[in-house]
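> If it helps, the file is called upload25.tsv and holds TSV, C-alpha atoms:
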```tsv
chain	number	residue	atom	x	y	z
A	1	MET	CA	-11.32	42.61	-10.83
A	2	LYS	CA	-9.66	45.79	-11.98
A	3	TYR	CA	-9.62	44.94	-15.73
A	4	PRO	CA	-12.32	42.32	-16.21
A	5	THR	CA	-12.36	42.57	-20.00
A	6	LEU	CA	-8.59	42.16	-20.19
A	7	ASN	CA	-8.67	39.15	-17.91
A	8	LEU	CA	-11.40	37.55	-20.00
A	9	ALA	CA	-9.45	38.21	-23.17
A	10	VAL	CA	-6.34	36.53	-21.69
A	11	LEU	CA	-8.43	33.54	-20.64
A	12	ALA	CA	-10.02	33.28	-24.06
A	13	VAL	CA	-6.61	33.36	-25.75
A	14	LEU	CA	-5.29	30.66	-23.43
A	15	LEU	CA	-8.34	28.57	-24.08
A	16	ALA	CA	-7.97	28.97	-27.83
A	17	GLY	CA	-4.29	28.05	-27.51
A	18	CYS	CA	-5.27	24.66	-26.11
A	19	ALA	CA	-7.12	23.81	-29.29
A	20	VAL	CA	-4.35	24.68	-31.74
A	21	ASP	CA	-2.22	21.88	-33.10
A	22	PRO	CA	1.21	23.43	-33.72
A	23	MET	CA	1.88	20.98	-36.58
A	24	LYS	CA	-1.19	22.29	-38.36
A	25	ALA	CA	-0.13	25.93	-38.10
A	26	PRO	CA	0.03	27.78	-41.43
A	27	ARG	CA	3.18	27.02	-43.37
A	28	SER	CA	5.37	29.37	-45.32
A	29	GLY	CA	2.93	29.33	-48.24
A	30	ALA	CA	0.03	30.93	-46.41
A	31	GLY	CA	-0.99	34.38	-47.57
A	32	ASP	CA	-2.85	36.91	-45.50
A	33	LEU	CA	-5.68	39.33	-46.03
A	34	LEU	CA	-3.51	42.30	-47.03
A	35	LEU	CA	-1.46	40.29	-49.47
A	36	GLY	CA	-4.65	38.93	-50.99
A	37	ALA	CA	-6.09	42.39	-51.48
A	38	SER	CA	-2.85	43.58	-53.02
A	39	MET	CA	-2.70	40.61	-55.40
A	40	GLN	CA	-6.30	41.15	-56.49
A	41	ARG	CA	-5.56	44.81	-57.11
A	42	ALA	CA	-2.58	43.88	-59.25
A	43	ILE	CA	-4.76	41.52	-61.31
A	44	VAL	CA	-7.39	44.22	-61.80
A	45	VAL	CA	-4.81	46.90	-62.68
A	46	GLN	CA	-3.33	44.66	-65.36
A	47	SER	CA	-6.72	43.38	-66.56
A	48	SER	CA	-5.02	40.96	-68.91
A	49	LEU	CA	-5.21	37.28	-69.67
A	50	TYR	CA	-2.17	35.59	-71.17
A	51	PRO	CA	-1.55	32.18	-72.72
A	52	TYR	CA	-0.38	30.90	-69.33
A	53	HIS	CA	-3.97	31.31	-68.12
A	54	PHE	CA	-5.09	28.63	-70.59
A	55	VAL	CA	-4.49	24.91	-70.88
A	56	PRO	CA	-1.70	24.56	-73.48
A	57	ASP	CA	-3.04	24.41	-77.08
A	58	SER	CA	-6.60	24.71	-75.79
A	59	ALA	CA	-9.23	27.40	-75.29
A	60	GLU	CA	-9.97	26.09	-71.81
A	61	LEU	CA	-8.95	28.30	-68.90
A	62	ASN	CA	-6.70	26.53	-66.39
A	63	GLU	CA	-7.13	26.81	-62.62
A	64	LEU	CA	-5.16	30.04	-62.43
A	65	GLY	CA	-7.05	31.44	-65.41
A	66	VAL	CA	-10.38	30.71	-63.73
A	67	ASN	CA	-9.13	32.28	-60.52
A	68	ASP	CA	-7.84	35.48	-62.14
A	69	LEU	CA	-10.89	35.83	-64.36
A	70	ASN	CA	-13.13	35.54	-61.30
A	71	VAL	CA	-11.22	38.40	-59.69
A	72	LEU	CA	-11.63	40.47	-62.86
A	73	ALA	CA	-15.32	39.58	-63.21
A	74	MET	CA	-15.99	40.69	-59.64
A	75	HIS	CA	-14.50	44.07	-60.51
A	76	LEU	CA	-16.07	44.34	-63.97
A	77	ARG	CA	-19.58	43.59	-62.73
A	78	ASP	CA	-19.63	47.07	-61.18
A	79	HIS	CA	-16.97	49.03	-63.03
A	80	ALA	CA	-16.30	49.86	-66.62
A	81	GLY	CA	-12.99	48.68	-67.94
A	82	SER	CA	-11.28	46.67	-70.60
A	83	LEU	CA	-9.67	43.28	-70.61
A	84	LEU	CA	-6.79	42.32	-72.86
A	85	ILE	CA	-6.59	38.74	-74.01
A	86	SER	CA	-3.05	38.38	-75.26
A	87	ARG	CA	-2.56	36.13	-78.24
A	88	GLY	CA	1.04	35.13	-77.51
A	89	GLY	CA	2.12	32.36	-79.85
A	90	ALA	CA	-1.41	31.02	-80.38
A	91	SER	CA	-2.91	30.59	-83.85
A	92	LYS	CA	-5.67	32.97	-84.95
A	93	GLU	CA	-8.32	30.23	-84.56
A	94	LEU	CA	-7.14	29.28	-81.09
A	95	HIS	CA	-7.03	32.90	-80.01
A	96	GLU	CA	-10.58	33.47	-81.25
A	97	ALA	CA	-11.72	30.39	-79.36
A	98	ARG	CA	-10.04	31.70	-76.21
A	99	VAL	CA	-11.81	35.04	-76.56
A	100	ARG	CA	-15.14	33.23	-76.90
A	101	ALA	CA	-14.34	31.12	-73.83
A	102	VAL	CA	-13.51	34.24	-71.80
A	103	LEU	CA	-16.72	35.96	-72.90
A	104	ALA	CA	-18.72	32.90	-71.90
A	105	ALA	CA	-16.98	32.73	-68.53
A	106	LEU	CA	-17.58	36.44	-67.95
A	107	GLU	CA	-21.26	36.00	-68.70
A	108	GLU	CA	-21.41	33.05	-66.33
A	109	SER	CA	-19.81	35.23	-63.65
A	110	GLY	CA	-22.54	37.82	-63.97
A	111	VAL	CA	-21.01	40.30	-66.40
A	112	ALA	CA	-23.99	40.88	-68.70
A	113	LYS	CA	-23.50	40.18	-72.39
A	114	THR	CA	-25.08	43.54	-73.19
A	115	GLN	CA	-22.20	45.21	-71.39
A	116	VAL	CA	-19.48	43.52	-73.39
A	117	ALA	CA	-17.98	44.72	-76.65
A	118	VAL	CA	-15.01	43.09	-78.32
A	119	HIS	CA	-12.55	44.69	-80.67
A	120	ASP	CA	-9.08	43.97	-81.94
A	121	GLY	CA	-6.57	46.03	-80.18
A	122	LEU	CA	-3.20	46.72	-78.69
A	123	PRO	CA	-0.76	46.00	-81.45
A	124	GLY	CA	2.19	44.68	-79.51
A	125	GLY	CA	5.75	45.81	-79.21
A	126	ASP	CA	8.68	43.49	-79.40
A	127	GLY	CA	7.45	39.93	-78.92
A	128	LEU	CA	3.91	40.97	-78.07
A	129	PRO	CA	1.48	40.07	-80.84
A	130	SER	CA	-1.81	41.87	-80.89
A	131	GLY	CA	-4.58	40.67	-78.66
A	132	LYS	CA	-8.26	41.16	-78.23
A	133	VAL	CA	-9.62	43.76	-75.91
A	134	VAL	CA	-12.94	43.07	-74.28
A	135	ASP	CA	-14.54	46.31	-73.22
A	136	ILE	CA	-16.90	46.13	-70.34
A	137	LEU	CA	-19.38	48.95	-70.52
A	138	LYS	CA	-21.55	50.15	-67.70
A	139	LYS	CA	-24.48	50.78	-70.02
A	140	PRO	CA	-25.52	49.45	-73.44
A	141	LEU	CA	-23.32	50.94	-76.12
A	142	ILE	CA	-24.55	54.01	-77.96
A	143	LEU	CA	-22.82	54.86	-81.21
A	144	THR	CA	-23.19	58.39	-82.55
A	145	GLY	CA	-21.80	59.94	-85.71
A	146	ALA	CA	-22.64	62.40	-88.48
A	147	GLY	CA	-26.29	61.86	-89.24
A	148	VAL	CA	-26.31	58.67	-87.21
A	149	SER	CA	-27.80	58.04	-83.82
A	150	GLN	CA	-27.90	54.37	-83.04
A	151	THR	CA	-28.32	52.36	-79.92
A	152	GLY	CA	-27.00	48.83	-79.74
A	153	THR	CA	-26.43	46.18	-77.15
A	154	SER	CA	-22.97	45.26	-78.34
A	155	ALA	CA	-20.56	46.25	-81.02
A	156	THR	CA	-17.65	44.72	-82.83
A	157	SER	CA	-15.21	47.08	-84.38
A	158	THR	CA	-11.62	47.09	-85.43
A	159	THR	CA	-9.34	49.75	-84.10
A	160	GLY	CA	-5.64	50.06	-84.33
A	161	ASP	CA	-4.88	51.72	-81.02
A	162	GLY	CA	-6.78	49.43	-78.71
A	163	SER	CA	-8.36	52.30	-76.82
A	164	ALA	CA	-11.65	51.56	-75.11
A	165	THR	CA	-14.82	52.20	-77.05
A	166	ASP	CA	-16.51	55.30	-75.76
A	167	ALA	CA	-19.66	54.57	-73.82
A	168	THR	CA	-22.13	57.34	-73.43
A	169	PRO	CA	-25.04	56.69	-71.10
B	1	MET	CA	-20.39	40.69	-11.43
B	2	ARG	CA	-21.31	39.21	-14.82
B	3	THR	CA	-17.64	39.25	-15.74
B	4	ARG	CA	-16.76	37.25	-12.68
B	5	THR	CA	-19.43	34.69	-13.55
B	6	LEU	CA	-18.05	34.40	-17.09
B	7	ALA	CA	-14.55	33.93	-15.74
B	8	LEU	CA	-15.83	31.18	-13.45
B	9	VAL	CA	-17.32	29.42	-16.48
B	10	LEU	CA	-14.18	29.78	-18.56
B	11	LEU	CA	-11.76	28.60	-15.87
B	12	PRO	CA	-13.06	25.01	-15.70
B	13	LEU	CA	-12.89	24.86	-19.50
B	14	LEU	CA	-9.29	25.99	-19.36
B	15	ALA	CA	-8.54	23.46	-16.69
B	16	ALA	CA	-10.02	20.75	-18.90
B	17	CYS	CA	-7.37	21.51	-21.50
B	18	ALA	CA	-4.58	20.65	-19.11
B	19	SER	CA	-3.58	17.02	-18.87
B	20	ALA	CA	-4.97	15.06	-15.98
B	21	PRO	CA	-2.68	14.67	-12.97
B	22	SER	CA	-0.89	11.35	-13.00
B	23	ASP	CA	1.89	9.46	-11.35
B	24	PRO	CA	5.18	10.70	-12.89
B	25	GLN	CA	7.01	7.43	-12.22
B	26	ALA	CA	4.28	5.36	-13.91
B	27	ASP	CA	4.28	7.75	-16.88
B	28	TRP	CA	8.05	7.42	-17.19
B	29	GLU	CA	7.93	3.65	-17.15
B	30	ALA	CA	5.08	3.50	-19.64
B	31	GLY	CA	6.88	5.81	-22.04
B	32	ALA	CA	10.31	4.24	-21.76
B	33	GLY	CA	9.74	1.53	-24.32
B	34	ARG	CA	7.55	3.51	-26.64
B	35	LYS	CA	8.63	4.63	-30.14
B	36	PRO	CA	8.80	8.41	-30.62
B	37	GLU	CA	5.70	9.98	-32.14
B	38	PRO	CA	5.91	11.44	-35.69
B	39	ASP	CA	5.72	14.99	-34.29
B	40	THR	CA	8.67	14.30	-32.01
B	41	LEU	CA	10.64	12.63	-34.79
B	42	PHE	CA	9.96	15.57	-37.08
B	43	SER	CA	11.21	18.02	-34.45
B	44	MET	CA	14.31	15.85	-34.00
B	45	ALA	CA	14.85	15.84	-37.76
B	46	ARG	CA	14.76	19.61	-37.87
B	47	ILE	CA	17.28	19.78	-35.06
B	48	TYR	CA	19.53	17.38	-36.99
B	49	VAL	CA	19.17	19.57	-40.08
B	50	ALA	CA	20.14	22.66	-38.08
B	51	GLN	CA	23.18	20.78	-36.79
B	52	GLY	CA	24.16	19.65	-40.29
B	53	ARG	CA	23.59	15.98	-39.41
B	54	ASP	CA	21.87	15.28	-42.70
B	55	ASP	CA	22.03	11.46	-42.59
B	56	GLN	CA	20.30	11.36	-39.21
B	57	ALA	CA	17.80	13.97	-40.38
B	58	GLU	CA	16.97	11.88	-43.43
B	59	ALA	CA	16.55	8.73	-41.33
B	60	ALA	CA	14.27	10.57	-38.91
B	61	LEU	CA	12.17	12.01	-41.73
B	62	ARG	CA	11.86	8.61	-43.39
B	63	GLU	CA	10.72	7.17	-40.08
B	64	VAL	CA	8.13	9.97	-39.77
B	65	LEU	CA	6.77	8.99	-43.17
B	66	ASN	CA	6.82	5.29	-42.33
B	67	GLN	CA	4.67	6.01	-39.32
B	68	ALA	CA	2.53	8.77	-40.83
B	69	PRO	CA	2.49	8.84	-44.66
B	70	ASP	CA	0.15	11.86	-44.52
B	71	PHE	CA	2.71	14.01	-42.65
B	72	VAL	CA	3.04	16.57	-45.44
B	73	ARG	CA	5.76	18.70	-43.83
B	74	ALA	CA	8.09	15.71	-43.74
B	75	TYR	CA	7.98	15.45	-47.56
B	76	GLU	CA	8.73	19.16	-47.77
B	77	GLU	CA	11.65	18.91	-45.34
B	78	LEU	CA	12.99	15.78	-47.03
B	79	ALA	CA	12.92	17.52	-50.41
B	80	HIS	CA	14.77	20.53	-48.98
B	81	LEU	CA	17.35	18.17	-47.51
B	82	TYR	CA	17.89	16.45	-50.87
B	83	VAL	CA	18.16	19.75	-52.74
B	84	ARG	CA	20.80	20.95	-50.29
B	85	ARG	CA	22.72	17.74	-50.98
B	86	ASP	CA	22.32	18.28	-54.73
B	87	LEU	CA	20.04	15.24	-55.05
B	88	VAL	CA	17.30	16.94	-57.06
B	89	ASP	CA	15.90	13.65	-58.43
B	90	GLY	CA	15.43	12.45	-54.85
B	91	ALA	CA	13.69	15.70	-53.96
B	92	VAL	CA	11.32	15.34	-56.92
B	93	ALA	CA	10.56	11.75	-55.92
B	94	ALA	CA	9.82	12.82	-52.31
B	95	LEU	CA	7.55	15.63	-53.46
B	96	GLU	CA	5.71	13.42	-55.95
B	97	VAL	CA	5.01	10.85	-53.24
B	98	GLY	CA	3.83	13.68	-50.98
B	99	LEU	CA	1.53	14.91	-53.74
B	100	LYS	CA	0.00	11.44	-54.01
B	101	HIS	CA	-1.15	11.93	-50.43
B	102	HIS	CA	-1.93	15.66	-50.71
B	103	ALA	CA	-2.58	16.40	-54.38
B	104	ASP	CA	-3.66	19.96	-53.66
B	105	ASP	CA	-0.87	21.08	-51.40
B	106	PRO	CA	0.40	24.43	-52.75
B	107	VAL	CA	3.72	24.29	-50.90
B	108	LEU	CA	4.60	20.83	-52.26
B	109	LEU	CA	3.56	21.98	-55.75
B	110	ASN	CA	5.66	25.13	-55.50
B	111	ASP	CA	8.65	23.12	-54.29
B	112	LEU	CA	8.13	20.64	-57.13
B	113	GLY	CA	8.18	23.54	-59.58
B	114	VAL	CA	11.46	24.79	-58.13
B	115	CYS	CA	12.95	21.29	-58.48
B	116	LYS	CA	11.77	21.11	-62.09
B	117	LEU	CA	13.52	24.43	-62.72
B	118	LEU	CA	16.67	22.96	-61.18
B	119	GLN	CA	16.27	20.03	-63.57
B	120	LYS	CA	16.09	22.57	-66.42
B	121	ASP	CA	12.49	21.63	-67.22
B	122	PRO	CA	10.65	25.00	-67.18
B	123	VAL	CA	7.59	23.57	-68.96
B	124	SER	CA	6.86	21.08	-66.15
B	125	ALA	CA	7.79	23.78	-63.63
B	126	GLU	CA	5.21	26.10	-65.22
B	127	GLN	CA	2.42	23.54	-64.70
B	128	ALA	CA	3.38	23.01	-61.05
B	129	PHE	CA	3.54	26.76	-60.34
B	130	ILE	CA	0.20	27.37	-62.09
B	131	ARG	CA	-1.48	24.85	-59.79
B	132	ALA	CA	0.28	26.25	-56.71
B	133	ALA	CA	-0.69	29.83	-57.62
B	134	ALA	CA	-4.30	28.80	-58.24
B	135	LEU	CA	-4.50	26.94	-54.93
B	136	GLU	CA	-3.03	29.85	-53.03
B	137	PRO	CA	-4.06	32.92	-55.01
B	138	ASP	CA	-2.97	35.41	-52.36
B	139	ASN	CA	0.60	34.18	-52.27
B	140	ALA	CA	3.07	36.02	-54.49
B	141	ARG	CA	5.74	33.30	-54.38
B	142	PRO	CA	4.32	30.79	-56.89
B	143	ARG	CA	3.42	33.65	-59.24
B	144	ALA	CA	6.97	35.00	-59.13
B	145	ASN	CA	8.30	31.49	-59.73
B	146	LEU	CA	5.86	31.04	-62.60
B	147	ALA	CA	7.24	34.25	-64.11
B	148	LEU	CA	10.73	32.76	-63.94
B	149	ALA	CA	9.56	29.53	-65.60
B	150	LEU	CA	7.96	31.55	-68.42
B	151	ALA	CA	11.02	33.77	-68.84
B	152	LEU	CA	13.23	30.69	-69.13
B	153	GLN	CA	10.99	29.55	-72.01
B	154	GLY	CA	11.43	32.92	-73.73
B	155	ARG	CA	7.84	34.00	-73.00
B	156	ASP	CA	9.09	37.41	-71.95
B	157	ASP	CA	5.87	39.44	-72.15
B	158	GLU	CA	3.99	36.97	-69.97
B	159	ALA	CA	6.87	36.76	-67.49
B	160	LEU	CA	7.16	40.52	-67.25
B	161	ALA	CA	3.41	40.93	-66.71
B	162	LEU	CA	3.45	38.35	-63.92
B	163	TRP	CA	6.47	39.85	-62.20
B	164	ARG	CA	4.83	43.24	-62.35
B	165	GLN	CA	1.95	41.83	-60.30
B	166	VAL	CA	4.26	41.02	-57.42
B	167	ILE	CA	7.28	43.37	-57.58
B	168	PRO	CA	7.89	46.96	-58.71
B	169	PRO	CA	8.15	47.39	-62.52
B	170	SER	CA	11.83	48.36	-62.43
B	171	GLU	CA	12.71	45.17	-60.55
B	172	ALA	CA	10.53	43.13	-62.91
B	173	THR	CA	12.46	44.48	-65.88
B	174	GLN	CA	15.73	43.80	-64.08
B	175	ASN	CA	14.68	40.20	-63.40
B	176	LEU	CA	13.84	39.66	-67.04
B	177	GLU	CA	17.19	41.07	-68.15
B	178	LEU	CA	18.98	38.72	-65.75
B	179	VAL	CA	17.10	35.71	-67.12
B	180	LYS	CA	17.79	36.79	-70.70
B	181	GLN	CA	21.50	36.80	-69.92
B	182	ALA	CA	21.30	33.43	-68.21
B	183	ARG	CA	19.34	31.50	-70.82
```
Produce structure tokens that represent the structure in this file.


Amino acid sequence: MKYPTLNLAVLAVLLAGCAVDPMKAPRSGAGDLLLGASMQRAIVVQSSLYPYHFVPDSAELNELGVNDLNVLAMHLRDHAGSLLISRGGASKELHEARVRAVLAALEESGVAKTQVAVHDGLPGGDGLPSGKVVDILKKPLILTGAGVSQTGTSATSTTGDGSATDATP
Amino acid sequence: MRTRTLALVLLPLLAACASAPSDPQADWEAGAGRKPEPDTLFSMARIYVAQGRDDQAEAALREVLNQAPDFVRAYEELAHLYVRRDLVDGAVAALEVGLKHHADDPVLLNDLGVCKLLQKDPVSAEQAFIRAAALEPDNARPRANLALALALQGRDDEALALWRQVIPPSEATQNLELVKQAR
């Protein structure tokens, strides 16, 4: 045999071909590995949750919300970043409940509570009401100011520009 | 030497995949009175569709589903056939029956969402696309369709954000402008 490995590979492919049912081949909806990676990257780059991620008029995440939040949690477990929870047309109470639900889900996914700080942020443009930004910090938050040196595990503050709270290790 | 041994082991396995030798005349006679299998009928239906023989395609697909109600691709094909003939209600009915058999089929859900959009019901479409996108998170299609359903409801910021996950920002903005003009 001049190319034994090649011959074996051809045989293995033929053998595998016998087992495949053509009617069960992936249909047009099937994604692939590259597309999946690209979609996850897009979710992480946006780092936002919108009303469509929730069951209508409820604080419960729907299937897509759970899926996208899992992608974000995987990233946020190891990287600092912030997560916008857009209010959309939701009432203040509903929006607050959604923020709490997201924080609980993040904690369940392994993003430690001590690494999470919430503040109001991102006043919207046309048609985009302000949302909540959840900052994920690599280390417990340290606040410093004139005559103040304080270490805390989490902080709630109100800022107008929505920029991430500075975390100094 | 080891390679040759491996090949010798694999060859009988390969041979086992091939059908056993039989008498061609006896096979012919046995098969003559038999009804076509669902796979065969489905292939015939697709040929009819390609030839524009929609009535025969529909009959073949219905027969596939009579014989094999779990044959999910037949529901999909039947719905496509109905949409092409402008029978959107029929397509929705076919897809809903299919979803009774395969509740978590992302393709049927995505198609149902498209039909709901055609019926000018973007709220129901949104729910179908959300489920399809969740079941197939790596697929951009249901997400892009969900963006359209949201844009048609005037939820522009959400639609734009979703489109920007799957297409370049300039095209996302262009899509939104088109929908704004259309609604």

> Determine, counting only C-alpha atoms, which protein, DNA and RNA residues have an atom within 10 Å of an atom of Asp156 in chain B; residues of the same chain fewer than 3 positions away are not included. Present the result as a PyMOL selection string.

(chain A and resi 126-128) or (chain B and resi 147-148+150-153+159-162+173+176-177+179-180)

> Write out as a PyMOL selection string the residues lying within 9 Å of range 60-76 of chain A, counting only C-alpha atoms and excluding same-chain residues fewer than 4 positions away.

(chain A and resi 40-41+43-44+47-50+52-56+80-83+97-98+101-102+105-107+109-111+136-138) or (chain B and resi 130-135+137)

> With distances taken over only C-alpha atoms, which residue among B:Gln119, B:Leu65, B:Glu136, B:Val107 lies nearest Gly90 in chain B?

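Closest to Gly90 in chain B of all the choices is B:Gln119.
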
> Interatomic distance between CA of Leu108 in chain B and CA of Leu95 in chain B?

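One can read the CA of Leu108 in chain B to CA of Leu95 in chain B distance as 6.1 Å.
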
> Determine the nearest neighbour of chain B from the options A:Ala90, A:Ala59, A:Ala104, A:Ala42, counting all atoms listed in the file.

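The shortest atom-to-atom distance to chain B comes from A:Ala42.
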
> Between B:Asp121, B:Glu29, B:Asp111, B:Glu171, which has the minimum distance to Glu96 in chain B (counting only C-alpha atoms)?

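Result for the nearest residue to Glu96 in chain B: B:Asp111.
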
> Between CA of Met44 in chain B and CA of Gln56 in chain B, what distance in Å does the model show, to one decimal?

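We find that CA of Met44 in chain B and CA of Gln56 in chain B lie 9.1 Å from each other.
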